Amino acid sequence: MSAAIISERVPTDWKSNAMRRRIARRYAAERRFRLLGMGAVLLSAAFLAFLLVTMMGNGLRGFTRTEIALKVDFPAAPLLLDPDTITNEALANANLPMVTSAVARKTLGKDADALLSPTAWVSIRDAIKADPTILSRTETIRIPASTEIDLAAKSDGSPEAEAAVTRLKQAGILSTGFNWNFLTASDGTDPTQVGIWGAFKGSLLTMLVTLVLSFPIGVATALYLEEYAPKAWWTDIIEVSINNLAAVPSIIFGLLGLSIFLNFLHLPRSAALIGGVTLALMTMPVIVIAGRNAIKSVPPSIRDAALGIGASPVQVVFQHVLPLALPGILTGTIIGMARALGETAPLLMIGMRAFIATPPGGITDPATVLPVQIFLWSDEVSKGFVEKTSAAIIVLLIFLLAMNGLAIYLRNKFEKRW
C-alpha cells in the first residue's frame with residue numbers, strides 16, 4: 001500500500017507559477033529580515049555615535065583650563081617667608097589669598113576678584129614649593145581664571161565675561177591650554193581646580209579588592225559544581241541561587257554591605273575595602289556562571305585522554321581542563337569587573353559619596369570612585385562642573401574600553417582550538 005502511494009506521488013514542479021511565487025515570497029522575507037537587522041545595527045551605531053559626540057563635545061573642554069598670567073613681585077609682597085625653611089605650615093600662615101588678590105587688583109583692576117578663581121592662590125603656593133628661590137625676584141605665574149572667564153574663553157559665557165576675555169587677550173595675559181591638574185588633583189569646590197585622580201585611584205583600589213576576592217572564589221566554585229559536585233537536590237538549589245544572585249539589583253548588595261560590613265562588623269566607612277567586598281559579592285555569581293560555561297565547553301575527550309595516560313582526577317582538572325577553560329573564565333571575569341566598575345548604587349549605600357579631597361593611600365582610607373564622582377559633580381550648581389562631569393565620563397569610558405580590550409586580548413592569547 002505504501003509503495004503504491006509513493007509511486008503515485010507527483011514530483012514537485014519547481015517551474016510552476018505557484019512555486020515561483022512561494023520562492024519569491026521566501027526571498028522577499030529574507031531580504032526584509034536582512035534589512036531589519038541592518039537597520040537595528042545602524043540605529044544602535046547612531047545612538048552610540050550621538051552619545052560619543054555629545055560626551056566629546058562637552059568633555060574635551062573639561063581637559064582644558066583658562067589661565068591669566070600675573071607678575072608677582074615677591075620681595076615687595078608681605079609674605080614673611082624664608083626660602084630656606086619652606087614648610088606647609090609656613091605657607092598656610094603666609095596669607096597667600098590676600099597677596100594674590102592685591103597683585104591681581106594691581107594688574108587687572110578693581111574687578112580682579114571676579115576674573116580669578118577663588119583658589120587662585122594655590123598656584124602661587126605651588127610655585128613657591130616647587131622653587132623657593134622665586135621669593136627673591138619677580139616671577140610671572142599663570143593663575144587659573146574664574147569659571148565665568150573660563151567658559152567665556154571657550155565661547156560659552158555671558159556677554160560681560162566675553163568682553164573681559166577680549167580685554168585680557170588684547171593685553172596678552174590670557175591663555176587656554178591642557179589642564180594637567182584635572183588628571184592629578186582630587187575633588188574640590190572650585191571647578192577650575194578639581195581633578196579625577198583621587199576617584200581614579202579609589203576605583204583602582206576597589207577593583208583590586210574585588211578581583212582578589214571574587215576571582216579565586218568564583219573559579220573554585222565553578223570547578224566544584226562542574227567537576228566534583230554530585231547531582232543532588234542541594235546542588236540544584238545552589239545553582240538556582242547563583243543564577244538568581246546574578247540578576248539581583250545592585251542596590252540590594254549595597255544594603256547587604258551596609259547592614260553587615262558597616263553596622264555589624266563596624267569596618268571603616270567609605271573605604272575601598274568595603275566597596276571592593278560589596279562589589280565582589282555582586283561579581284562572584286557572574287564569574288561562577290561564566291566559569292561553568294567555559295568548563296563545559298572543554299570536550300570530554302580531553303578528560304578521557306588525560307585519564308587514559310594515568311593522570312589523576314585533580315591533575316586532569318588543573319593541568320588540562322582549567323587551562324583550556326581559562327580564556328572563557330578570564331573574559332567573563334573582566335566583563336563582570338567592568339560591570340562592577342560602573343556601579344554607583346551599592347557604593348552610595350556604604351557611604352562612598354563623601355567629599356574626598358586627598359587621594360587614598362590604601363584600601364582602608366576614605367575613598368570614592370569614578371561613577372560616584374560623576375554623580376556628585378552632576379549635582380553641583382556651578383556651570384563649570386558640567387564639562388568636568390563629561391570629561392570624567394570620558395575617562396570612565398576609556399577605562400571600561402581598556403578592560404574590555406584586555407578581555408579580548410587574554411581570550412585570544414590563551415585560546416586553544418581542538
# chains A, B, ... in the order shown; residues from 1 in each chain; ligands from 1
$ select_by_dssp --residues "segment 83-188 of chain A" --states "alpha helix (DSSP H)" --output "MDAnalysis selection string"
chainID A and resid 88:92 96:108 112:115 121:130 147:153 159:171 181:184
$ write_last_selection --atoms "C-alpha atoms" --output "PDB file, in the first residue's frame"
ATOM      1  CA  ASN A  88      53.346  73.538  54.665  1.00  0.00           C
ATOM      2  CA  GLU A  89      52.625  75.273  57.974  1.00  0.00           C
ATOM      3  CA  ALA A  90      54.599  78.353  56.946  1.00  0.00           C
ATOM      4  CA  LEU A  91      52.783  78.535  53.609  1.00  0.00           C
ATOM      5  CA  ALA A  92      49.430  78.149  55.369  1.00  0.00           C
ATOM      6  CA  LEU A  96      48.661  83.967  50.191  1.00  0.00           C
ATOM      7  CA  PRO A  97      44.991  84.711  49.307  1.00  0.00           C
ATOM      8  CA  MET A  98      45.404  88.380  50.325  1.00  0.00           C
ATOM      9  CA  VAL A  99      48.693  88.711  48.421  1.00  0.00           C
ATOM     10  CA  THR A 100      47.181  87.110  45.309  1.00  0.00           C
ATOM     11  CA  SER A 101      44.171  89.438  45.462  1.00  0.00           C
ATOM     12  CA  ALA A 102      46.399  92.518  45.874  1.00  0.00           C
ATOM     13  CA  VAL A 103      48.601  91.565  42.921  1.00  0.00           C
ATOM     14  CA  ALA A 104      45.541  90.835  40.780  1.00  0.00           C
ATOM     15  CA  ARG A 105      43.940  94.217  41.565  1.00  0.00           C
ATOM     16  CA  LYS A 106      47.167  95.984  40.704  1.00  0.00           C
ATOM     17  CA  THR A 107      47.376  94.230  37.329  1.00  0.00           C
ATOM     18  CA  LEU A 108      43.741  93.706  36.352  1.00  0.00           C
ATOM     19  CA  ALA A 112      40.164  91.309  39.526  1.00  0.00           C
ATOM     20  CA  ASP A 113      38.460  89.103  42.105  1.00  0.00           C
ATOM     21  CA  ALA A 114      35.718  88.292  39.560  1.00  0.00           C
ATOM     22  CA  LEU A 115      38.328  87.340  36.951  1.00  0.00           C
ATOM     23  CA  TRP A 121      46.397  81.490  45.441  1.00  0.00           C
ATOM     24  CA  VAL A 122      47.069  77.732  45.296  1.00  0.00           C
ATOM     25  CA  SER A 123      49.063  78.253  42.089  1.00  0.00           C
ATOM     26  CA  ILE A 124      51.347  80.747  43.872  1.00  0.00           C
ATOM     27  CA  ARG A 125      51.727  78.344  46.793  1.00  0.00           C
ATOM     28  CA  ASP A 126      52.684  75.503  44.444  1.00  0.00           C
ATOM     29  CA  ALA A 127      55.154  77.744  42.615  1.00  0.00           C
ATOM     30  CA  ILE A 128      56.870  78.635  45.898  1.00  0.00           C
ATOM     31  CA  LYS A 129      57.006  74.975  46.971  1.00  0.00           C
ATOM     32  CA  ALA A 130      58.479  73.976  43.611  1.00  0.00           C
ATOM     33  CA  THR A 147      34.580  79.781  35.922  1.00  0.00           C
ATOM     34  CA  GLU A 148      32.810  82.602  34.060  1.00  0.00           C
ATOM     35  CA  ILE A 149      36.017  83.661  32.286  1.00  0.00           C
ATOM     36  CA  ASP A 150      36.923  80.048  31.546  1.00  0.00           C
ATOM     37  CA  LEU A 151      33.538  79.367  29.933  1.00  0.00           C
ATOM     38  CA  ALA A 152      33.638  82.657  28.017  1.00  0.00           C
ATOM     39  CA  ALA A 153      37.097  81.804  26.655  1.00  0.00           C
ATOM     40  CA  PRO A 159      28.433  88.989  27.188  1.00  0.00           C
ATOM     41  CA  GLU A 160      30.157  90.655  30.139  1.00  0.00           C
ATOM     42  CA  ALA A 161      32.548  87.717  30.552  1.00  0.00           C
ATOM     43  CA  GLU A 162      33.252  87.621  26.805  1.00  0.00           C
ATOM     44  CA  ALA A 163      34.104  91.345  26.894  1.00  0.00           C
ATOM     45  CA  ALA A 164      36.521  90.691  29.772  1.00  0.00           C
ATOM     46  CA  VAL A 165      38.072  87.819  27.809  1.00  0.00           C
ATOM     47  CA  THR A 166      38.599  90.113  24.818  1.00  0.00           C
ATOM     48  CA  ARG A 167      40.289  92.680  27.021  1.00  0.00           C
ATOM     49  CA  LEU A 168      42.579  90.105  28.614  1.00  0.00           C
ATOM     50  CA  LYS A 169      43.516  88.632  25.232  1.00  0.00           C
ATOM     51  CA  GLN A 170      44.387  92.076  23.927  1.00  0.00           C
ATOM     52  CA  ALA A 171      46.648  92.529  26.941  1.00  0.00           C
ATOM     53  CA  ASN A 181      45.589  69.451  37.141  1.00  0.00           C
ATOM     54  CA  PHE A 182      42.427  67.597  36.083  1.00  0.00           C
ATOM     55  CA  LEU A 183      44.426  64.353  35.861  1.00  0.00           C
ATOM     56  CA  THR A 184      46.465  64.830  39.042  1.00  0.00           C
TER      57      THR A 184
END
$ select_by_dssp --residues "segment 85-182 of chain A" --states "strand (DSSP E or B)" --output "list of chain:residue names"
A:Leu116, A:Thr138, A:Glu139, A:Thr140, A:Ile141, A:Arg142, A:Ile143, A:Pro144, A:Ala145, A:Leu174, A:Ser175, A:Thr176, A:Gly177, A:Phe178
$ closest_atom_pairs --of "segment 203-223 of chain A" --to "segment 363-368 of chain A" --cutoff "9 Å" --atoms "only C-alpha atoms" --output "Markdown table"
| residue | atom | partner | partner_atom | distance |
| --- | --- | --- | --- | --- |
| A:Ser203 | CA | A:Thr368 | CA | 7.2 |
| A:Leu205 | CA | A:Ile363 | CA | 6.2 |
| A:Thr206 | CA | A:Ile363 | CA | 7.4 |
| A:Val209 | CA | A:Ile363 | CA | 8.0 |
$ residues_around --residues "Arg137 of chain A" --least-positions-apart "4" --cutoff "8 Å" --atoms "only C-alpha atoms" --output "PyMOL selection string"
chain A and resi 73-75+133
$ closest_residue --among "A:Ile251, A:Arg26, A:Arg292, A:Pro191" --to "Glu239 of chain A" --atoms "only C-alpha atoms"
A:Arg292
$ residues_around --residues "Val381 of chain A" --least-positions-apart "3" --cutoff "12 Å" --atoms "only C-alpha atoms" --output "PyMOL selection string"
chain A and resi 189-191+376-378+384-386
